[in-house]
Amino acid sequence: MAAIKLSALDHIFEKYEGKKGKLIPVLHEIQEEVGYLPVEVQRYVSEKLGVAMSKIYGVISFYSFFTTEPKGEHTIGVCMGTACYVKGAEDILNRLKEELGIETGQTTADNKFTMTMTRCLGTCSMAPVIMIDDQVHGNLEAEKIPEIINKY
Amino acid sequence: MAKKEILICAGTACLSAGAEEIKDKFKEEIKELNLTEDYETKTVISNTGCIGPCSLGPIAIVKDDNTFYGHLKTEDVARIVREHLLNGRVVEDLLTEEEGEKVEDFKEIRFMKKQKRIALRNTGIIDPNKIEEYLERDGYQALKTVLNELTPLEVIEEIKASGLRGRGGAGFPTGLKWSFAHQAAGEQKYIICNADEGDPGAFMDRSILEGDPHSIIEAMAVAGYAIGADQGFVYVRAEYPLAVKNLKIAIRAAENNGYLGSNIYGSDFSFNLEVRVGAGAFVCGEETALIASIEGKRGQPSTKPPYPANSGLWGKPTVINNVETLANIVPIINKGSQWFSSIGTEKSKGTKVFAVAGDVKETGLVEVPMGTTLREIVFEIAGGIADGKEFKAAQIGGPSGGTIPKEYLDLKIDYESVKEAGAIVGSGGLVIMDEDNSMVDVARFFLDFTEDESCGKCTPCRVGTKRMLDILEKILDGKGSQQDLDKLEELGNVVKETSLCGLGQTAPNPVLSTLKYFREEYEELINTAEEGN
Amino acid sequence: MEITIDKQKIEVEKGKTVLEAAEENGIAIPTLCHSPFLEDVGACRMCLIEDLADGKLKTSCTTEVKDGMEVLTKSKRVEDSRRTILDLLISDHPLDCMTCEADGSCTLQDLAYQYGIERSSYGTKSEPRFKVERDNEFIELDPDKCILCGKCIRVDQDIQCSDAIDFVERGFQTKVGAASDEGLGGEDSTCVFCGQCVELCPTGALSYIPSQKKGREYNFEKTVTTCPYCGVGCQLELKTKDRKVIEVGSVYREGTPNPYGEACVKGRFGYDFINHPDRLKKPLIKRNGKFEEAEWEEALSLVAEKLTEIKDEYGGRALAGLSSAKCTNEENYLMQKFMRAVIGTNSVDHCARLCHASTVAGLVKAFGSGAMTNSISEIEGSDLIFVIGSNPTENHPVIGSKMKKAHKNRTKLIVADPRQIELSGLAEVAVQQQPGTDVALLNGLMHVIIEEGLADQEFIAERTENYEYLASVVEDYTPEKVAEITGVEAAKIKKAARLFAEADKAAIYFAMGITQHRTGTDNVLSVANLALLTGNVGRESTGVNPLRGQNNVQGACDLGALSNVYPGYQSVEDPEIKEKFARAWETEELSAEVGLTVVEIFKQAGEDIRGLYIIGENPVISDPDQRHIEEALDSLDFLVVEDIFLTETAQFADVVLPAACFAEKEGSFTNTERRIQKVNKAIGPPGEARADWKIISEISTRMGYQMNYDSPADIMAEIAEVTPIYGGIYADRLGDQGLQWPCKDREDPGTKFLHQGEFARGKGKFHPVTYIPPAEEVDDEYDYIMMTGRMLYHFHTGTMTRNSEPIDKHEPDAYLEINKKDAKKLRIKEGDRVRVTSRRGEVETNVRIGDRVQPGQIFMPFHYAESPANRLTNPVLDKDAKIPELKVTAVKIEKV
Ligand SMILES: Nc1nc2c(c(=O)[nH]1)N[C@H]1C(S)=C(S)[C@@H](COP(=O)(O)OP(=O)(O)OC[C@H]3O[C@@H](n4cnc5c(=O)[nH]c(N)nc54)[C@H](O)[C@@H]3O)O[C@H]1N2
Ligand SMILES: Nc1nc2c(c(=O)[nH]1)N[C@H]1C(S)=C(S)[C@@H](COP(=O)(O)OP(=O)(O)OC[C@H]3O[C@@H](n4cnc5c(=O)[nH]c(N)nc54)[C@H](O)[C@@H]3O)O[C@H]1N2
Ligand SMILES: Cc1cc2nc3c(=O)[nH]c(=O)nc-3n(C[C@H](O)[C@H](O)[C@H](O)COP(=O)(O)O)c2cc1C
Ligand code: SF4
Ligand code: SF4
Ligand code: SF4
Ligand code: SF4
Ligand code: SF4
Ligand code: FES
Ligand code: FES
Ligand SMILES: [Mo]
């Protein structure tokens, strides 16, 4: 993997200069840029914000949104909210597992997809749904899965 | 010729149903017909937020005559443009059919007819990214009134008199909360809008933020003035990118127009807003956890007292209000507390938005006066159970709530009655289930959720929900016994009584309420297990 | 207010919790996550009570009492809920009591016993869910035994202030973890192995590796005593079994330097030197260049004989003694008494000469007393702390933590150190001046303060003298000029000056970075000037606070192990005082002349000095210019060394006497805040080793001067009689918290901070000083400035810490710190070997690259005999205090 250029993240720290409680927004923006939060990034954040490494890891591991592993090109979030569950989200999930050959939290070998479980996306009316990157796919049926995946 | 305006719902549901393509198609058509701006006829395509009847998406509404077109396909667009926009003729066969009749007026469609929209007054009607549209609908007038005419205490009195209670779950009187923070000693105070909306099945907060962000900004400024805060935070969950985007656009617009910043309306009141995005932890909707999260910490709740109103964000007095709660503030100021308190029941005033989902014909957001019955919502608004099935149960209030059987269909929904029935109004998630659903499985679903979302701080919730889940799974696996049932109930009660925060205190509710109303389903599973032995 | 607990009416103070109220009234409520020193979080939910007002179960540790409140602590509902919670905890707990270190001192086990839970009704955990973390020498973490009470995390974050651990993951997966979840010994871990988390852990989840399998709590005998390492003077509990120290526990006692049971890695883990096989067990006499074991009788007679011989031939002034800051007050008193009353010389000195001699010289001039003006407990009350030339988080760790805590709460921090030390990272202003330029820096600060009208004129007028002179001298030191000398930007100088002057209570803390220069006394005077100028002496939480180094260096100085003063800083040149001591000691031998100091003794060795008696010092490693010291020792007619190990210095001796160490004797140490604290015997000495006070007495008696003390308490009583500042110090008064001098008489409660209302010398006196550069500066050949000093894990010449297995395993190798730019220039990598050469010698060592030091400078700890920094250092002395310039040496560096 290519080395991460840490100084390229400086603009993020500058943006939050003087703000209180900036750890989480900073982690968000860095993850957006880098894709994940490996140790060297955590070290840089620790140094820049003066927050202990232990606390940074405590925070990263608490929030399911943060990851220390690189993600695939696309992230598939399978909604496991109530409405989706009631409308058969489990079938969708199983079909995805089957199609991609991975469990939730994992990334396909070709690095194309990372699959996660998400809580309600707030699109219950179209349950069951999945979200691929920022795009919601609703009113799903397991059979439609291959077709959708193939689009990516 | 009058200017024609088309609203195309750009809520998340409609977008994913293809609203974007519909919009492009409209643009294309309009261009083709040369209906551009320098033309006599001016056609405007607006992007609204969620209009409400999400399951009918993609949706377009011709604003001038309120004609509603649902389930749109791209091939329909040309006809609407040519027939309706140009020639003023409604395209009959594209209208929604309800009980054999075509409904033309948006307000007359079944889903909308019985609603009373206060919190959702603007969503789906205005373009959230255009502050002018908000201003046209009396936007920022409440703030003006408050700053020019009322003292902070008068504002608080007005809110108190309205009877408004928190829509985030606990139903705490909003005016009272404000008055605590107002009285609390300290120079620096904060106001936080809780837009974490973690309850799976609820999405009214998302819709409001996406569709009417200015109403929240204005309400927060009013609250800030009332309690003496010059800084506010909106904590939005990360799963709502569109809400974050629209909110940020709105904040910038408000700043540029002087509704945020220093000396608003020439007063000496200054107020700024910052958006904070959550990071995927349901418990952060709990107010003390939310505060910890804004402070950059693990979102673990802490014991109360002290309450945030006395010692909140960075130890300063802080008011935390839910999005929907705040969405009611501006109308109360504009129309008066008397108007507001005339709606609803004795102890629950105003309206409540429910996110209706599950096995009903039409799903979406429903705003009705407090005291509306479950039956009205399920059958009159949502069109009843889909596919000709039977109503079995309603799960109200999400993972903290409970499951109510059909005996309660005539339950008037307000804070007290729902609680008595063993559920909570909560955030207003309303999942309707038909006869095919196993209640034990539903209970397991919710417990699985809370177990997974437990922050892990306190023993009963961290280990207790895990053990409850173990037992439920054992029962569902057909390996349970009567003892397990007793144990489940007993443990559920301890978890409820001894957990530190609302998450643990309510986590057993789905189990306990299904045990109460659908015990036979559990027993059936156990009996088959015992027979199998 | 009144509340009712279990039907019993109880009076309680407002603000207390129900738990506190219950405990005060003997009502026991079980707890797992509560500790009186930590913020309550209400996590375990064991301490439930039933509030009759609303019928709710509440956690008593987080519920404040309300007037008229009625609660039940033992109702069935409460007890059932507690039992369920315990049952839940045990359902996720391995039932390993059989082999568990915590057996017998485990709250979970106690509660399970009390509630009769043999195994969980939810089934017992069969498989571990986590891996045991054991990636370091000191502490093991077994997350499967953890009940997530979070006490370890709170003590780590809020008292130790290391932020080494936190909860990681969430929900049922939650556990305690360090940075990047790598374990306490991980690369990014900030754990400093203070062990406070282990002490508070209610289960066996955290345990000490070195003491594993060596006994459980109930197997140990326990003795509370004072730490033998640094001047903080922590109270520790030695846990012993079979005459061995097995573990060191915390003492939680108000009024001590470490009331919350604080300690550092040395106090906590550096105890196995005590039972080290290499301890001296029998006297040794060198015959034909080789040591042979001897009987005490023979060795003592030989020493007495040789000392008498030299005294008879050359006079008492041909003999000198080095006393020991490791030894007790009583022993130091005897040692100087012996040298003065029996030998007849004032040439008795000790390591304070290399340490705070300049502090004593400077502060006596400025204030009339050379000790730390304020107390450790006052740190938290300061508005601002200025740390200059002191690295507390490594060298006075418990004080360092208190500073961090104060800073976390509200106290501002200024740090001036050529290196980037841990505190620099926290400071509001941190400056990295060139080594040896402190006078210029301090003058610069004072210049700004005066120029901007920030001086405390009222204080100056009422309580000081000589201000005009000071003002005239610092006038020259404009920030711009000072910037040139020190390398610190003028803007920073101004910022620091304002911050300091504007604080109401500003305290200065300093140590070797200030004192160990040929201008050490000047430096100290400058520090005193700054405090006087801003009115920061004589009040609580202010002051001029030299952090004294050794466990008993304060006591050794107080009791006259200095060549110019009798006990209590009474001048040897004052005839009346001499007369007083002559009478008290019944001797004719007292000399009226100031004696030789440490470095001078070695300079005169073989010439004016013919014989030397060294107790508990290791000058071959600790004194500057090692080659010269070795030659000096070689040239002596007779050398006797009394130590606990056969040190590098002892190797040169004619007779080596085996001493008992702190754990094996009684007495007292005086810590940096002038607190005299008890030293208690935990075990017997190894072999035939004896306490120093006994050995000195025996030699003295053999030389014809009877010393017949029954116990250190007797000696203390004698001290009280001749030493006004210790006038009220008696062994029986020391109790649990000791006493702080000045303490005039038996009724005197001691003194928390000095110079209230009046200075010891009357008025505080400004002594303006001008900047003089260090003796050695860089040139073409010696192109780096070397500083020397310390690191957290090792102590001085290593006789103790390097003989401690876990500590030496953790930090086994000598090193120097160098800036990454220089490393690049020299083409060296982390861990490479380099040769460092000064005008006096060369050593080889490993490099550590980073940015702790600035380019052009290096830092070398002097702990390692295999790479002795003092082979290189410059023995040039401060003219008043005779302290050598250990902090500035010009060197060159080559890769080997
Ligand atoms: N772990 C451990 N703790 C100890 C000891 C030990 O050996 N090991 N020894 C004890 C003893 S006896 C003593 S005296 C104390 C000493 O305690 P300290 O004085 O804190 O220890 P040092 O490391 O010698 O030096 C302190 C700081 O002075 C800085 N310094 C170097 N040159 C200059 C200078 O010119 N000006 C200024 N302002 N600063 C400079 C160094 O960078 C260093 O950070 O520690 C005691 N505590
Ligand atoms: N380059 C450089 N050199 C320095 C310094 C520096 O910063 N840089 N710092 C200087 C300072 S501040 C100091 S204080 C000195 C310290 O220098 P020293 O005092 O020489 O160093 P220690 O290793 O503490 O020596 C104490 C000796 O006492 C022995 N001992 C321990 N307990 C007892 C006991 O109960 N009885 C007897 N008889 N012996 C005991 C130990 O085994 C050890 O040999 O080093 C100085 N040298
Ligand atoms: C586990 C948990 C989750 C919660 N989630 C939310 C939420 O997502 N949104 C919300 O507004 N309130 C949530 N709450 C309630 C808040 O703690 C708080 O009561 C509310 O935001 C107050 O606003 P209101 O008075 O306007 O209702 C949650 C409470 C708990 C215990
Ligand atoms: S009840 Fe659950 S979520 Fe709330 S503090 Fe306890 S463990 Fe955390
Ligand atoms: S931690 Fe306590 S309960 Fe657990 S095995 Fe050890 S002694 Fe037993
Ligand atoms: S040993 Fe000390 S520094 Fe390390 S984790 Fe425990 S309390 Fe923190
Ligand atoms: S390791 Fe010990 S002190 Fe820390 S949380 Fe676990 S049980 Fe508590
Ligand atoms: S801080 Fe000093 S006295 Fe306390 S334990 Fe450490 S070395 Fe001993
Ligand atoms: S998203 Fe379009 S109606 Fe809800
Ligand atoms: S001791 Fe009170 S909750 Fe743990
Ligand atoms: Mo020292």
# chains A, B, ... in the order shown; residues from 1 in each chain; ligands from 1
call {"tool": "select_by_dssp", "arguments": {"residues": "chain A", "states": "strand (DSSP E or B)", "output": "MDAnalysis selection string"}}
result
chainID A and resid 74:79 107 113:118 130:132 135:137
call {"tool": "write_last_selection", "arguments": {"atoms": "N, CA and C atoms", "output": "mmCIF file, in the first residue's frame"}}
result
data_model
loop_
_atom_site.group_PDB
_atom_site.id
_atom_site.type_symbol
_atom_site.label_atom_id
_atom_site.label_comp_id
_atom_site.auth_asym_id
_atom_site.auth_seq_id
_atom_site.Cartn_x
_atom_site.Cartn_y
_atom_site.Cartn_z
ATOM 1 N N HIS A 74 -15.935 0.204 -3.159
ATOM 2 C CA HIS A 74 -17.304 0.566 -2.824
ATOM 3 C C HIS A 74 -17.702 -0.061 -1.505
ATOM 4 N N THR A 75 -18.479 0.699 -0.755
ATOM 5 C CA THR A 75 -18.965 0.147 0.500
ATOM 6 C C THR A 75 -20.447 -0.145 0.375
ATOM 7 N N ILE A 76 -20.799 -1.385 0.645
ATOM 8 C CA ILE A 76 -22.208 -1.764 0.615
ATOM 9 C C ILE A 76 -22.701 -1.804 2.052
ATOM 10 N N GLY A 77 -23.649 -0.958 2.360
ATOM 11 C CA GLY A 77 -24.236 -0.995 3.691
ATOM 12 C C GLY A 77 -25.588 -1.675 3.610
ATOM 13 N N VAL A 78 -25.744 -2.764 4.313
ATOM 14 C CA VAL A 78 -27.019 -3.461 4.285
ATOM 15 C C VAL A 78 -27.843 -2.976 5.462
ATOM 16 N N CYS A 79 -28.970 -2.400 5.186
ATOM 17 C CA CYS A 79 -29.760 -1.850 6.271
ATOM 18 C C CYS A 79 -30.391 -2.968 7.075
ATOM 19 N N THR A 107 -13.821 -7.302 3.196
ATOM 20 C CA THR A 107 -13.642 -6.712 1.878
ATOM 21 C C THR A 107 -13.345 -7.835 0.892
ATOM 22 N N PHE A 113 -15.433 -4.451 -3.079
ATOM 23 C CA PHE A 113 -16.521 -4.145 -2.152
ATOM 24 C C PHE A 113 -16.150 -4.426 -0.704
ATOM 25 N N THR A 114 -16.602 -3.552 0.142
ATOM 26 C CA THR A 114 -16.591 -3.845 1.567
ATOM 27 C C THR A 114 -18.043 -3.876 1.987
ATOM 28 N N MET A 115 -18.397 -4.906 2.757
ATOM 29 C CA MET A 115 -19.796 -4.991 3.152
ATOM 30 C C MET A 115 -19.936 -4.716 4.643
ATOM 31 N N THR A 116 -20.865 -3.831 4.965
ATOM 32 C CA THR A 116 -21.111 -3.554 6.376
ATOM 33 C C THR A 116 -22.607 -3.657 6.635
ATOM 34 N N MET A 117 -22.925 -3.803 7.936
ATOM 35 C CA MET A 117 -24.321 -3.751 8.314
ATOM 36 C C MET A 117 -24.587 -2.354 8.831
ATOM 37 N N THR A 118 -25.645 -1.731 8.420
ATOM 38 C CA THR A 118 -25.900 -0.413 8.977
ATOM 39 C C THR A 118 -27.237 -0.440 9.689
ATOM 40 N N ILE A 130 -30.419 -1.345 0.565
ATOM 41 C CA ILE A 130 -28.980 -1.330 0.823
ATOM 42 C C ILE A 130 -28.469 0.004 0.314
ATOM 43 N N MET A 131 -27.327 0.395 0.821
ATOM 44 C CA MET A 131 -26.750 1.656 0.365
ATOM 45 C C MET A 131 -25.375 1.325 -0.178
ATOM 46 N N ILE A 132 -25.158 1.647 -1.441
ATOM 47 C CA ILE A 132 -23.820 1.440 -1.992
ATOM 48 C C ILE A 132 -23.208 2.828 -2.163
ATOM 49 N N GLN A 135 -25.503 5.894 -2.534
ATOM 50 C CA GLN A 135 -26.712 5.595 -3.309
ATOM 51 C C GLN A 135 -27.570 4.526 -2.631
ATOM 52 N N VAL A 136 -28.833 4.866 -2.392
ATOM 53 C CA VAL A 136 -29.729 3.887 -1.766
ATOM 54 C C VAL A 136 -30.430 3.050 -2.842
ATOM 55 N N HIS A 137 -30.453 1.767 -2.638
ATOM 56 C CA HIS A 137 -31.223 0.885 -3.519
ATOM 57 C C HIS A 137 -32.344 0.291 -2.696
#
call {"tool": "interface_residues", "arguments": {"of": "chain C", "to": "chain B", "cutoff": "8 Å", "atoms": "only C-alpha atoms", "output": "JSON, numbers by chain"}}
result
{"C": [41, 42, 43, 44, 45, 48, 56, 57, 58, 62, 81, 84, 85, 88, 89, 92, 122, 148, 170, 171, 172, 173, 174]}
call {"tool": "interface_residues", "arguments": {"of": "chain A", "to": "chain C", "cutoff": "9 Å", "atoms": "only C-alpha atoms", "output": "number ranges by chain"}}
result
A: 39, 42-43, 50-63
call {"tool": "closest_residue", "arguments": {"among": "A:Gly105, A:Pro128, A:Gly81, A:Pro146", "to": "chain B", "atoms": "only C-alpha atoms"}}
result
A:Gly81
call {"tool": "residues_near_ligand", "arguments": {"ligand": "ligand 9", "cutoff": "6 Å", "atoms": "only C-alpha atoms and all ligand atoms", "output": "CSV table (one decimal) with N, CA, C and O atoms, in the first residue's frame"}}
result
chain,number,residue,atom,x,y,z
B,9,CYS,N,-40.1,15.6,-5.5
B,9,CYS,CA,-39.6,15.3,-4.2
B,9,CYS,C,-38.1,14.8,-4.3
B,9,CYS,O,-37.8,13.9,-5.1
B,11,GLY,N,-36.5,13.8,-1.5
B,11,GLY,CA,-36.2,13.0,-0.3
B,11,GLY,C,-35.4,11.8,-0.7
B,11,GLY,O,-35.4,11.3,-1.8
B,12,THR,N,-34.7,11.2,0.3
B,12,THR,CA,-33.9,10.1,0.1
B,12,THR,C,-34.7,8.9,-0.6
B,12,THR,O,-34.2,8.3,-1.5
B,13,ALA,N,-35.9,8.7,-0.1
B,13,ALA,CA,-36.7,7.6,-0.6
B,13,ALA,C,-37.0,7.8,-2.1
B,13,ALA,O,-36.8,6.9,-2.9
B,14,CYS,N,-37.4,9.0,-2.4
B,14,CYS,CA,-37.8,9.3,-3.8
B,14,CYS,C,-36.5,9.3,-4.7
B,14,CYS,O,-36.6,8.8,-5.8
B,50,CYS,N,-38.4,15.5,1.6
B,50,CYS,CA,-39.4,14.5,1.6
B,50,CYS,C,-40.8,15.0,1.8
B,50,CYS,O,-41.1,15.8,2.7
B,51,ILE,N,-41.7,14.6,0.9
B,51,ILE,CA,-43.0,15.1,0.9
B,51,ILE,C,-43.9,14.3,1.9
B,51,ILE,O,-44.9,14.9,2.5
B,52,GLY,N,-43.6,13.1,2.1
B,52,GLY,CA,-44.3,12.3,3.1
B,52,GLY,C,-44.7,10.9,2.6
B,52,GLY,O,-44.3,9.9,3.2
B,53,PRO,N,-45.5,10.8,1.6
B,53,PRO,CA,-45.9,9.4,1.2
B,53,PRO,C,-44.8,8.7,0.4
B,53,PRO,O,-45.0,8.5,-0.8
B,54,CYS,N,-43.8,8.4,1.1
B,54,CYS,CA,-42.6,7.9,0.4
B,54,CYS,C,-42.8,6.7,-0.5
B,54,CYS,O,-42.2,6.5,-1.5
B,57,GLY,N,-43.3,7.2,-4.2
B,57,GLY,CA,-42.3,7.9,-5.0
B,57,GLY,C,-41.9,7.2,-6.3
B,57,GLY,O,-42.2,6.0,-6.4
call {"tool": "residues_around", "arguments": {"residues": "Pro202 in chain C", "least_positions_apart": "6", "cutoff": "12 Å", "atoms": "only C-alpha atoms", "output": "VMD selection string"}}
result
chain C and resid 30 to 35 44 101 to 111 145 to 152
call {"tool": "residues_around", "arguments": {"residues": "Glu367 in chain B", "least_positions_apart": "2", "cutoff": "8 Å", "atoms": "only C-alpha atoms", "output": "CSV table (one decimal) with N, CA and C atoms, in the first residue's frame"}}
result
chain,number,residue,atom,x,y,z
B,115,GLN,N,-53.9,14.1,7.9
B,115,GLN,CA,-52.7,14.7,8.6
B,115,GLN,C,-52.9,16.1,9.0
B,116,LYS,N,-52.2,16.5,10.1
B,116,LYS,CA,-52.1,17.9,10.4
B,116,LYS,C,-50.7,18.3,10.6
B,117,ARG,N,-50.2,19.1,9.7
B,117,ARG,CA,-48.8,19.3,9.6
B,117,ARG,C,-48.3,20.6,10.2
B,118,ILE,N,-47.6,20.4,11.3
B,118,ILE,CA,-47.0,21.6,12.0
B,118,ILE,C,-45.5,21.4,11.9
B,119,ALA,N,-45.0,20.3,12.4
B,119,ALA,CA,-43.5,20.1,12.3
B,119,ALA,C,-43.1,19.9,10.8
B,120,LEU,N,-44.0,19.3,10.1
B,120,LEU,CA,-43.7,19.0,8.7
B,120,LEU,C,-44.3,20.1,7.7
B,351,THR,N,-49.0,18.0,17.7
B,351,THR,CA,-49.1,16.8,16.9
B,351,THR,C,-47.9,15.9,17.1
B,352,LYS,N,-47.9,14.7,16.5
B,352,LYS,CA,-46.7,13.9,16.6
B,352,LYS,C,-46.5,13.3,15.2
B,353,VAL,N,-45.3,13.2,14.8
B,353,VAL,CA,-45.0,12.6,13.5
B,353,VAL,C,-44.7,11.2,13.7
B,354,PHE,N,-45.3,10.3,12.9
B,354,PHE,CA,-44.9,8.9,13.0
B,354,PHE,C,-44.3,8.5,11.7
B,365,LEU,N,-44.2,9.3,6.3
B,365,LEU,CA,-44.3,10.1,7.5
B,365,LEU,C,-45.8,10.6,7.6
B,369,PRO,N,-52.6,14.9,15.1
B,369,PRO,CA,-52.7,15.4,16.4
B,369,PRO,C,-52.5,14.3,17.4
call {"tool": "interface_residues", "arguments": {"of": "chain B", "to": "chain A", "cutoff": "8 Å", "atoms": "only C-alpha atoms", "output": "VMD selection string"}}
result
chain B and resid 12 to 13 16 to 17 54 to 55 198 to 203 206 238 to 241 276 to 277 279 to 281 293 to 299 356 to 359 362 to 364 398 431 433 437 445 to 446
call {"tool": "residues_around", "arguments": {"residues": "Glu64 in chain C", "least_positions_apart": "3", "cutoff": "6 Å", "atoms": "only C-alpha atoms", "output": "PyMOL selection string"}}
result
chain C and resi 16-18
call {"tool": "closest_residue", "arguments": {"among": "C:Glu20, C:Ala653, C:Thr4, C:Met707", "to": "ligand 10", "atoms": "only C-alpha atoms and all ligand atoms"}}
result
C:Glu20
call {"tool": "residues_around", "arguments": {"residues": "Glu141 in chain A", "least_positions_apart": "2", "cutoff": "9 Å", "atoms": "only C-alpha atoms", "output": "PyMOL selection string"}}
result
chain A and resi 88-89+91-92+128+138-139+143-145
call {"tool": "write_last_selection", "arguments": {"atoms": "N, CA and C atoms", "output": "mmCIF file, in the first residue's frame"}}
result
data_model
loop_
_atom_site.group_PDB
_atom_site.id
_atom_site.type_symbol
_atom_site.label_atom_id
_atom_site.label_comp_id
_atom_site.auth_asym_id
_atom_site.auth_seq_id
_atom_site.Cartn_x
_atom_site.Cartn_y
_atom_site.Cartn_z
ATOM 1 N N GLY A 88 -37.571 -8.515 5.255
ATOM 2 C CA GLY A 88 -36.704 -9.555 4.700
ATOM 3 C C GLY A 88 -35.259 -9.162 4.425
ATOM 4 N N ALA A 89 -34.730 -8.237 5.203
ATOM 5 C CA ALA A 89 -33.349 -7.816 4.985
ATOM 6 C C ALA A 89 -32.368 -8.970 5.130
ATOM 7 N N ASP A 91 -32.585 -11.976 4.081
ATOM 8 C CA ASP A 91 -32.393 -12.668 2.802
ATOM 9 C C ASP A 91 -31.427 -11.904 1.915
ATOM 10 N N ILE A 92 -31.606 -10.589 1.934
ATOM 11 C CA ILE A 92 -30.737 -9.748 1.110
ATOM 12 C C ILE A 92 -29.285 -9.917 1.566
ATOM 13 N N PRO A 128 -36.872 -3.677 1.825
ATOM 14 C CA PRO A 128 -35.514 -3.594 2.352
ATOM 15 C C PRO A 128 -34.584 -2.800 1.436
ATOM 16 N N GLY A 138 -33.584 0.592 -3.113
ATOM 17 C CA GLY A 138 -34.693 0.179 -2.274
ATOM 18 C C GLY A 138 -35.583 -0.867 -2.906
ATOM 19 N N ASN A 139 -36.606 -1.259 -2.133
ATOM 20 C CA ASN A 139 -37.565 -2.271 -2.561
ATOM 21 C C ASN A 139 -36.872 -3.484 -3.160
ATOM 22 N N GLU A 143 -33.205 -11.596 -5.589
ATOM 23 C CA GLU A 143 -32.851 -11.894 -6.985
ATOM 24 C C GLU A 143 -32.216 -10.702 -7.695
ATOM 25 N N LYS A 144 -32.546 -9.509 -7.212
ATOM 26 C CA LYS A 144 -32.029 -8.332 -7.912
ATOM 27 C C LYS A 144 -30.570 -8.036 -7.587
ATOM 28 N N ILE A 145 -30.062 -8.728 -6.563
ATOM 29 C CA ILE A 145 -28.723 -8.410 -6.076
ATOM 30 C C ILE A 145 -27.627 -8.476 -7.145
#
call {"tool": "residues_near_ligand", "arguments": {"ligand": "ligand 11", "cutoff": "8 Å", "atoms": "only C-alpha atoms and all ligand atoms", "output": "list in words"}}
result
Cys351, Ala352, Leu354, Cys355, His356, Met512, Arg548, Gly549, Gln550 and Val553 of chain C
call {"tool": "residues_near_ligand", "arguments": {"ligand": "ligand 2", "cutoff": "6 Å", "atoms": "only C-alpha atoms and all ligand atoms", "output": "PyMOL selection string"}}
result
chain C and resi 326-327+351-352+354-355+549-550+615-619+622-623+642-645+647+659-662+692+788-789+796-799+862+869-870+886
call {"tool": "residues_near_ligand", "arguments": {"ligand": "ligand 3", "cutoff": "7 Å", "atoms": "only C-alpha atoms and all ligand atoms", "output": "ChimeraX atom specification"}}
result
/B:165-174,194-199,282-287,320-323,325-326,427,501-503
call {"tool": "residues_around", "arguments": {"residues": "range 445-450 of chain C", "least_positions_apart": "4", "cutoff": "6 Å", "atoms": "only C-alpha atoms", "output": "list in words"}}
result
Leu454, Ala455, Val474, Glu475 and Ala497 of chain C
call {"tool": "residues_near_ligand", "arguments": {"ligand": "ligand 8", "cutoff": "7 Å", "atoms": "only C-alpha atoms and all ligand atoms", "output": "list in words"}}
result
Cys227, Pro228, Tyr229, Cys230, Gly231, Val232, Gly233, Cys234, Ala263, Cys264, Val265, Lys266, Gly267, Arg268, His396, Pro397, Val398 and Asn551 of chain C
call {"tool": "residues_near_ligand", "arguments": {"ligand": "ligand 1", "cutoff": "7 Å", "atoms": "only C-alpha atoms and all ligand atoms", "output": "ChimeraX atom specification"}}
result
/C:230-231,355,388-392,394-396,416-419,421,434-438,510-514,547-550,787-796,887-888
